[in-house]
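S.K.: Sharing a structure here in structure tokens format.
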Amino acid sequence: MAHSVRRDAPELPDFSLLKRLARDQLIYLLEQLPGKKDLFIEADLMSPLDRIANVTTLKEHEVDKLYKVEHKSIVSTSDQLCFLIRPRIQTVKWICDVVNADKAVGKFRRYKVIFCPQKFYACETLLEEQGIIGDVTTDEWSFYLLPLDDDIISLELPEFFRDNFLEGDQRWVRTAGSALHLLHSLYGPFSKVYGIGRCSKMAYESWREQVKEGEQRVRQADIGNVFLIDRDVDLVTPLCSQVVYEGLVDDIFRIKCGCVEFGPDVTSSDKSMKVMLNSQDKVFNEIRNEHFSQVFGFLSQKARNLQTAYDKRSGMDIKQMKTFVSEELKGLKKEHRLLSLHIGASESMMKKKTKQDFQEMLKTEHSLLEGFEIRECISFIEEHINRQASMVESMRLLCLLSLTENGLLPKDYRSLKAQYLQSYGVDHLLTFSNLKQLGLLVEQQPGETLTVMESRVGKLVNDKTAGKLTDAFSSLAKKSNFRALSRRLNLVPKSDEEYDLRVPRDMAYIFSGAYIPLSCKLIEQVLERDGWTGLEEVTRMINGHEFAVTAGSNGSDPRGRSDAQRIILVMFLGGCTYSEISALRFLGKEKGYKFVVVTTAITNSARVLESMLDNHA
Amino acid sequence: MIRGKPDDDEYWNSSKFKAFTFDDEDDDFTRLKESKRAVNSILVEDEDEEDEVEKVNWSGEPVGSISWSVKETASNIRSTGEVRDLSFPKIDTAPSLPKNSSGYSLSSLFKGKAKTGSLQSFSESFSEQSLRNYAPELRKPKSEYKDYISDWTPEETVKRMQQGKAYSLEKFHFLQDKLLLLDEAVNAHDGNVITAVLIFLKKSLSKEILFRELIAREIALRHYIHYLKEMGEHKHLVELFKSLGRTEDMALMQYRDHLNIKDENRRRDFLKNCLSLPFSQEDATHVLDHYTLLERQIIIEANDKHVESSSQADIFKKYPRKASILNMPIITTLYYSCFYHYGESEGTYSSPANIRKTFRISDKQFLLTCLGARAKLKAWFDVDALFTTKNWLGYTKKRSPIGFHRIVDILHKNNAPVQVLQEYVNLVEDTEQKISLAQKYKCHDVIINTYRDLKDRQLLIGYREKVERSSPEYRKIEELLCNSQIRWKN
């Protein structure tokens with residue numbers, strides 16, 4: 001709360017335009033199928049749809065009944081069916097079944113499938129193979145970007161992570177390029193693009209092609225710079241426990257599309273409540289980026305202020321009372337309600353975390369990040385598994401261990417895997433195979449112990465030689481090199497210094513002062529250096545595909561506002577966490593930037609790991 | 001809780017890793033509770049504004065008609081109509097083929113799209129219209145004329161596919177052309193198009209040839225595998241893995257199919273067949289475990305169901321089974337066996353000893369699971385026996401492969417009484433830890449005795465304030481403080 005804010009921070013552009021565009025296009029598409037129709041909506045499109053339109057909007061365009069896609073036979077009596085879906089084979093198969101079932105009983109209907117945000121050839125091929133093209137018409141709803149808040153835009157594509165990084169399927173690359181293109185046309189032209197990661201590079205290319213195909217009009221840029229980053233450049237950060245308020249709320253209650261459902265334990269009533277969490281919530285806006293330990297103090301202070309404000313009433317005459325009621329009371333009541341909600345949430349989170357030995361868990365995480373007392377960490381993880389404590393948490397700790405240690409010793413890997421399978425089911429063999437494929441949980445290959453030597457040698461000889469050595473070793477295996485990166489970039493502050501969480505001095509505050517997120521540190525460094533110069537060793541260790549490009553000479557806007565240059569769009573391909581967003585907000589305040597985060601989805605450790613599970617039919 | 005510094009608040013806010021704590025007794029928590037009380041106690045006449053929190057809307061501008069809105073959008077873009085070359089440099093993303101840049105414009109894109117009944121895209125809606133009205137012909141790019149010749153190069157074809165225009169793959173008859181098309185799709189980094197080309201190749205090439213060509217094309221191969229997975233074409237996938245020599249992937253994929261089998265006997269038989277699949281040595285052991293486990297679970301389940309329904313054993317009456325044991329993990333099965341079949345001889349499948357041996361369960365794991373089950377049943381005698389060892393002189397001693405502080409936690413979670421907890425708190429070696437646990441679980445005797453052993457009079461006096469007057473603890477402290485035999489250090 002007590003950050004020194006630079007006064008000259010630029011204003012963010014208005015992203016609500018994106019919502020209006022999406023809504024208008026949807027209405028247009030619905031009107032393409034005139035007459036009454038029933039609408040089937042893919043489950044995970046419902047929340048995004050809620051953010052841009054409501055039932056009335058749909059009803060106004062002759063949508064009769066609304067259904068959720070459930071992959072079961074349907075009960076609709078309408079003679080027109082419209083399906084609003086993600087381009088997924090499973091869903092299209094289900095639609096084929098629905099249509100063919102109708103045909104079998106001689107029922108005639110019109111069908112329209114609207115793919116969001118685009119269609120895939122594989123889906124259309126399936127429709128063709130099932131002989132229903134013609135009965136079914138298809139369309140695209142190019143709803144790429146959903147603004148979740150003033151500075152967060154989401155593509156709402158959680159499957160991006162698995163599809164791209166695990167399966168190696170580049171189906172969403174062009175989608176990312178198109179999203180960038182849309183932002184470029186509305187808020188650009190961009191003058192600089194930085195990036196790191198294979199997918200970032202491809203998305204950049206796709207966007208560049210699309211720009212080339214179209215025409216760019218001269219307009220004054222709102223956003224000057226862009227930073228693209230692949231999620232797999234930094235897998236450590238999303239696997240850490242979040243301790244900043246917004247991140248913690250996401251870890252515990254799961255924020256969905258900017259909205260959270262608080263249960264009866266939070267609302268202290270018998271019903272649950274859905275609450276939008278964004279900058280419009282004044283109480284939330286002040287605590288969202290704070291370390292959890294700072295939140296209590298703030299909330300009690302707020303409560304006292306509120307009491308004082310209410311108390312003012314006692315000495316008022318009638319006229320004053322009237323003004324009070326008409327001007328202040330409503331605001332106070334609203335604040336009152338928000339305050340009790342967030343106090344309730346904090347209380348409930350405390351209780352939950354106390355039960356889980358959160359303190360010890362954090363200690364283990366910090367030791368792993370620091371590379372300290374690894375044996376103790378392994379026993380902690382082992383016991384966590386033995387006690388059959390949360391399956392995902394056990395997996396998270398194992399992955400953190402592997403990422404920070406460049407893989408597990410073969411002996412440890414075998415033993416921990418065996419115990420994991422005993423505790424949570426042998427079918428997790430499939431999960432282990434996925435984690436290995438992605439490089440999240442691997443066994444050290446013999447010879448990799450050389451890295452230790454390499455880093456020691458690296459200290460002794462000059463950087464150039466060390467670079468050559470790294471080159472020679474990097475061919476050995478896909479490694480995270482976390483320890484070396486952490487040293488290079490000072491990601492882990494020295495542990496003997498005290499860290500005052502009330503006055504954060506760097507981005508490490510989002511992890512209790514224990515770790516500066518690699519992703520955000522890279523962004524900071526590149527912006528500072530205006531490119532990757534001086535970071536050669538770092539990018540080599542990340543195996544980076546880094547780039548930094550400037551628009552051609554006639555591209556840069558001579559009248560370009562300096563403000564636009566300080567608005568930086570950061571696009572996370574594969575998801576980003578609320579903690580990272582908090583870190584960037586902090587960085588922005590320190591340096592006078594404003595960050596706009598565009599992400600394929602908001603993620604956290606549970607979402608990353610759940611996307612790796614394969615043990616369900 | 002004992003803390004070194006007098007000012008708790010100061011300490012928790014400034015120290016590094018322990019910057020905040022989730023312990024119940026913590027001040028923050030109390031503070032929070034107080035704030036909650038305070039906030040809740042503020043009396044306000046509450047009208048029915050309940051929904052105010054829920055309906056925070058974010059954009060919420062009213063809409064007029066669609067055309068109005070599109071116009072609005074257009075005017076928002078301060079376009080001047082002036083075209084500018086905004087060239088960003090190409091960066092090398094992959095070993096790419098030589099490319100000649102083609103000048104497709106957006107307008108051609110939308111014309112192509114209109115055929116398939118798609119909507120104008122955003123950018124067109126606010127920038128294209130005016131131009132097209134004035135000079136539609138001039139805007140038509142050269143490439144458009146090729147529509148009638150249908151003689152596109154692989155590069156053009158891929159580009160058209162990316163843009164959603166009409167295209168034709170039929171003319172790619174030669175193997176070389178097909179592969180060129182595939183490579184071009186890979187170079188365009190568009191997974192959607194890569195898969196589309198692969199579907200075409202799947203239909204027009206024999207498996208052998210396609211697989212052979214995919215070996216050298218990693219990116220295309222991964223798309224193909226993913227496509228087959230999504231389509232559920234397992235047989236095809238098995239053949240592919242086989243021809244690639246990726247036998248472990250093949251084995252895992254086939255093993256995965258057991259998840260689709262609901263009937264336990266069929267599932268068991270399926271797993272038995274899996275045993276011959278070419279798993280890695282390590283995984284083969286796990287799959288064997290899986291089979292053995294299900295086989296035993298089926299036997300145990302049938303037996304226990306019978307015993308339960310015929311009310312032969314008290315334990316099932318007292319603690320009716322909540323769910324079947326089928327398909328549960330090994331450790332859950334062990335817990336179940338420790339719960340319902342404790343003390344059975346190793347000869348029976350359902351006995352803890354048999355499960356421990358069959359599945360090579362570690363001492364630590366066995367102890368933890370056993371402890372959990374017996375504590376749940378409040379069988380404190382069994383708990384005691386778990387830790388008791390006799391040395392050769394016949395003296396008994398308590399030992400544990402895990403720290404006694406963890407044992408205490410587990411017992412506490414199972415609502416062990418203070419008398420039981422106390423015994424194990426006493427076994428914690430680290431004095432500080434012992435005290436903090438004793439305080440947490442209100443084991444007064446342990447605290448008092450420890451302070452006595454430390455000969456710390458001040459701490460004892462301090463503790464006297466925390467216990468209730470006239471309680472046995474209070475009396476005990478009084479007695480100790482009056483005891484002249486003890487040589488206090490302070």
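Residue numbering restarts at 1 in every chain; chains get A, B, ... in the order shown in the structure tokens, and ligands count up from 1 in that same order.
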Neighbouring residues of Val243 (chain A) were defined as those with any atom within 8 Å, considering only C-alpha atoms; residues of the same chain fewer than 4 positions away were excluded. Please report them as a ChimeraX atom specification.
M.R.: /A:247-248,291-292,510-512,579
S.K.: Skip Thr364 (chain A) itself and residues of its chain fewer than 3 positions away, then list as a list in words all residues within 6 Å of it, counting only C-alpha atoms.
M.R.: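 Those residues are Met361, Ser367 and Cys377 of chain A.
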S.K.: For the selection you just gave me, I'd like the residues written to a file as a PDB file, in the first residue's frame, keeping N, CA, C and O atoms.
M.R.:
ATOM      1  N   MET A 361       5.321 -26.257   4.397  1.00  0.00           N
ATOM      2  CA  MET A 361       5.330 -26.357   2.943  1.00  0.00           C
ATOM      3  C   MET A 361       6.117 -25.189   2.331  1.00  0.00           C
ATOM      4  O   MET A 361       6.958 -25.376   1.456  1.00  0.00           O
ATOM      5  N   SER A 367      13.474 -23.541   0.545  1.00  0.00           N
ATOM      6  CA  SER A 367      14.744 -24.276   0.557  1.00  0.00           C
ATOM      7  C   SER A 367      15.067 -24.780  -0.839  1.00  0.00           C
ATOM      8  O   SER A 367      16.214 -24.729  -1.278  1.00  0.00           O
ATOM      9  N   CYS A 377      14.262 -31.566   2.283  1.00  0.00           N
ATOM     10  CA  CYS A 377      13.123 -31.312   1.395  1.00  0.00           C
ATOM     11  C   CYS A 377      12.575 -32.627   0.854  1.00  0.00           C
ATOM     12  O   CYS A 377      11.367 -32.844   0.812  1.00  0.00           O
TER      13      CYS A 377
END
S.K.: With DSSP run on the backbone, what are the alpha helix (DSSP H) residues within region 318-465 of chain A? I'd like them as number ranges by chain.
M.R.: A: 318-323, 330-355, 358-370, 374-386, 391-404, 410-424, 429-438, 450-460, 463-465
S.K.: Which residue out of A:Leu535, A:Asp97, A:Pro493, A:Met612 has the minimum interatomic distance to Ile74 (chain A) when only C-alpha atoms are used?
M.R.: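 Looking at the shortest contact to Ile74 (chain A), the residue is A:Asp97.
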S.K.: Report as a PyMOL selection string all protein, DNA and RNA residues lying within 7 Å of Cys338 (chain B), evaluated on only C-alpha atoms, omitting residues in the same chain fewer than 6 positions from it.
M.R.: chain B and resi 352+370+373
S.K.: Can I get the selection written as a JSON list (two decimals), in the first residue's frame, with all heavy atoms?
M.R.:
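Wrote it out as out_0.json, contents follow:
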[["chain", "number", "residue", "atom", "x", "y", "z"],
["B", 352, "PRO", "N", -2.80, -56.89, 6.77],
["B", 352, "PRO", "CA", -1.80, -55.82, 6.55],
["B", 352, "PRO", "C", -0.43, -56.40, 6.23],
["B", 352, "PRO", "O", 0.27, -55.89, 5.34],
["B", 352, "PRO", "CB", -1.78, -55.09, 7.89],
["B", 352, "PRO", "CG", -3.09, -55.36, 8.51],
["B", 352, "PRO", "CD", -3.50, -56.72, 8.06],
["B", 370, "CYS", "N", -0.71, -47.48, 9.26],
["B", 370, "CYS", "CA", -1.20, -48.26, 10.39],
["B", 370, "CYS", "C", -1.64, -47.34, 11.51],
["B", 370, "CYS", "O", -2.72, -47.48, 12.08],
["B", 370, "CYS", "CB", -0.04, -49.12, 10.89],
["B", 370, "CYS", "SG", -0.51, -50.78, 11.16],
["B", 373, "ALA", "N", -4.91, -45.61, 10.82],
["B", 373, "ALA", "CA", -6.07, -46.49, 10.92],
["B", 373, "ALA", "C", -6.39, -46.84, 12.37],
["B", 373, "ALA", "O", -7.54, -46.77, 12.81],
["B", 373, "ALA", "CB", -5.83, -47.76, 10.12]]
S.K.: Got a sec: who's within 9 Å of Asp281 (chain A), counting only C-alpha atoms, leaving out chain neighbours fewer than 2 positions off, as a list in words?
M.R.: Met276, Leu277, Asn278, Ser279, Val283, Phe284, Asn285, Glu286, Glu335 and Leu338 of chain A; Val53 and Val56 of chain B
